[in-house]
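Asks: Sending over a structure as C-alpha coordinates; questions will come in a sec.
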Amino acid sequence: QVRLVESGGGLVQPGGSLRLSCTASGFTLDYYAIGWFRQAPGKEREAVSCISSLDGTTYYADSVKGRFTISRDNAKNTVYLYMNNLKPKHTAVYYCAAGDQSFIRTTVQAICYMQGWYDYWGQGTQVTVSS
(Lines give C-alpha, C1' and ligand atoms only; values in the text may rest on other atoms or scores of the structure.)
Protein backbone atom coordinates (compact mmCIF):
# COMPACT_ATOMS: atom_id res chain seq x y z
CA GLN A 1 0.00 0.00 0.00
CA VAL A 2 1.38 3.40 -1.00
CA ARG A 3 1.38 5.87 1.86
CA LEU A 4 2.97 9.07 3.05
CA VAL A 5 2.85 9.60 6.77
CA GLU A 6 3.73 12.82 8.55
CA SER A 7 4.77 12.87 12.18
CA GLY A 8 6.39 15.18 14.69
CA GLY A 9 3.70 17.79 15.06
CA GLY A 10 2.38 18.97 18.38
CA LEU A 11 2.06 21.88 20.76
CA VAL A 12 5.12 24.08 21.18
CA GLN A 13 5.72 27.40 22.85
CA PRO A 14 6.73 30.46 20.83
CA GLY A 15 10.43 30.34 20.13
CA GLY A 16 10.46 26.56 20.24
CA SER A 17 11.41 24.04 17.59
CA LEU A 18 9.92 20.98 15.97
CA ARG A 19 11.10 18.40 13.47
CA LEU A 20 8.46 17.05 11.13
CA SER A 21 9.03 13.77 9.33
CA CYS A 22 7.46 12.53 6.12
CA THR A 23 7.96 8.80 5.63
CA ALA A 24 6.95 6.86 2.54
CA SER A 25 5.87 3.27 2.42
CA GLY A 26 5.02 1.17 -0.60
CA PHE A 27 7.34 3.18 -2.86
CA THR A 28 10.80 4.72 -2.79
CA LEU A 29 11.29 8.46 -2.56
CA ASP A 30 14.51 8.39 -4.61
CA TYR A 31 12.86 9.83 -7.73
CA TYR A 32 10.26 11.97 -6.00
CA ALA A 33 10.36 15.64 -5.21
CA ILE A 34 8.89 16.32 -1.80
CA GLY A 35 6.93 19.35 -0.81
CA TRP A 36 5.80 20.56 2.58
CA PHE A 37 2.59 22.55 2.64
CA ARG A 38 0.46 23.96 5.41
CA GLN A 39 -3.10 25.04 5.91
CA ALA A 40 -4.08 27.37 8.69
CA PRO A 41 -7.71 27.66 9.82
CA GLY A 42 -9.75 29.61 7.33
CA LYS A 43 -6.91 29.85 4.83
CA GLU A 44 -5.88 28.05 1.67
CA ARG A 45 -3.15 25.46 1.69
CA GLU A 46 0.18 27.07 0.87
CA ALA A 47 3.68 25.97 -0.04
CA VAL A 48 6.27 25.96 2.72
CA SER A 49 9.33 24.22 1.31
CA CYS A 50 10.29 21.72 -1.37
CA ILE A 51 13.27 19.55 -2.18
CA SER A 52 14.23 18.09 -5.52
CA SER A 53 15.05 14.42 -6.03
CA LEU A 54 17.50 15.22 -8.83
CA ASP A 55 20.12 17.24 -6.98
CA GLY A 56 18.69 18.02 -3.57
CA THR A 57 17.97 21.62 -4.51
CA THR A 58 15.66 23.27 -2.03
CA TYR A 59 13.15 26.07 -2.05
CA TYR A 60 11.62 27.98 0.83
CA ALA A 61 8.70 30.33 0.93
CA ASP A 62 9.76 33.81 2.01
CA SER A 63 7.79 33.44 5.23
CA VAL A 64 10.01 30.60 6.46
CA LYS A 65 13.42 31.39 5.00
CA GLY A 66 16.12 31.25 7.62
CA ARG A 67 13.77 29.58 10.06
CA PHE A 68 12.89 26.22 8.43
CA THR A 69 15.20 23.64 6.87
CA ILE A 70 14.19 20.77 4.62
CA SER A 71 16.33 17.69 4.14
CA ARG A 72 15.96 14.17 2.84
CA ASP A 73 17.35 10.79 3.84
CA ASN A 74 16.65 8.45 0.97
CA ALA A 75 18.09 5.51 2.91
CA LYS A 76 15.29 6.00 5.45
CA ASN A 77 12.75 6.95 2.78
CA THR A 78 12.07 10.06 4.81
CA VAL A 79 12.08 13.81 4.36
CA TYR A 80 12.36 16.18 7.30
CA LEU A 81 11.29 19.72 7.99
CA TYR A 82 13.16 21.38 10.82
CA MET A 83 11.27 24.35 12.19
CA ASN A 84 13.02 26.78 14.51
CA ASN A 85 11.96 29.88 16.40
CA LEU A 86 8.32 29.09 15.84
CA LYS A 87 5.65 31.73 16.19
CA PRO A 88 1.87 31.53 16.61
CA LYS A 89 1.48 32.43 12.91
CA HIS A 90 3.07 29.06 12.06
CA THR A 91 0.13 27.22 13.56
CA ALA A 92 -1.39 25.01 10.86
CA VAL A 93 -1.83 21.48 9.63
CA TYR A 94 1.35 20.55 7.80
CA TYR A 95 1.21 18.18 4.87
CA CYS A 96 3.89 16.51 2.82
CA ALA A 97 3.46 15.46 -0.78
CA ALA A 98 5.53 13.44 -3.25
CA GLY A 99 5.74 14.01 -6.99
CA ASP A 100 7.59 11.85 -9.52
CA GLN A 101 10.33 13.94 -11.13
CA SER A 102 11.26 11.29 -13.70
CA PHE A 103 9.56 13.10 -16.57
CA ILE A 104 9.44 16.70 -15.50
CA ARG A 105 12.19 19.25 -15.84
CA THR A 106 11.51 22.44 -13.99
CA THR A 107 12.80 24.29 -10.99
CA VAL A 108 12.10 23.15 -7.47
CA GLN A 109 10.53 26.56 -6.88
CA ALA A 110 8.07 25.93 -9.70
CA ILE A 111 7.02 22.52 -8.44
CA CYS A 112 6.44 23.96 -5.01
CA TYR A 113 3.56 25.92 -6.53
CA MET A 114 2.09 23.02 -8.51
CA GLN A 115 0.03 21.31 -5.84
CA GLY A 116 -2.02 19.50 -8.48
CA TRP A 117 1.12 17.81 -9.85
CA TYR A 118 1.92 15.78 -6.75
CA ASP A 119 1.13 12.05 -6.83
CA TYR A 120 0.77 11.32 -3.12
CA TRP A 121 -0.24 13.30 -0.07
CA GLY A 122 -0.01 12.56 3.61
CA GLN A 123 -2.85 13.00 6.06
CA GLY A 124 -1.26 16.00 7.76
CA THR A 125 0.14 16.71 11.20
CA GLN A 126 -1.06 19.53 13.44
CA VAL A 127 1.45 22.12 14.60
CA THR A 128 0.22 24.52 17.27
CA VAL A 129 2.43 27.33 18.53
CA SER A 130 1.01 28.82 21.69
CA SER A 131 2.01 29.83 25.17
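Identifiers in this document derive from the order of the C-alpha coordinates: chains are assigned A, B, ..., residues are numbered from 1 separately in each chain, and ligands are numbered from 1 in order of occurrence.
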Need the shell around segment 12-26 of chain A: protein/DNA/RNA residues with any atom at most 6 Å away, counting only C-alpha atoms. Skip same-chain ones fewer than 3 positions apart. Format as number ranges by chain?

Replies: A: 1-8, 77-87, 129-131

Asks: With only C-alpha atoms as the counted atoms, please give the residues lying no more than 10 Å from Gly35 of chain A, apart from itself and same-chain residues fewer than 5 positions off, as a list of chain:residue names.

Replies: A:Cys22, A:Ala47, A:Val48, A:Ser49, A:Cys50, A:Ile51, A:Ser52, A:Thr58, A:Tyr59, A:Tyr60, A:Ile70, A:Val79, A:Leu81, A:Tyr95, A:Cys96, A:Ala97, A:Ala98, A:Gly99, A:Val108, A:Ile111, A:Cys112, A:Tyr113, A:Met114, A:Gln115, A:Tyr118, A:Trp121

Asks: Quick one: distance from atom CA of Phe37 of chain A to atom CA of Asp100 of chain A in Å, one decimal?

Replies: 16.9 Å

Asks: Write out as a ChimeraX atom specification all residues of segment 19-124 of chain A that DSSP puts in strand (DSSP E) for this structure's backbone.

Replies: /A:19-25,32-39,46-51,58-60,68-73,78-83,92-100,120-121

Asks: Point out the residue among A:Arg38, A:Thr57, A:Val64, A:Phe27 with the least atom-to-atom distance to Gly124 of chain A, counting only C-alpha atoms.

Replies: A:Arg38

Asks: Suppose you want the space between atom CA of Gln39 of chain A and atom CA of Asp55 of chain A; what is it in Å?

Replies: 27.7 Å
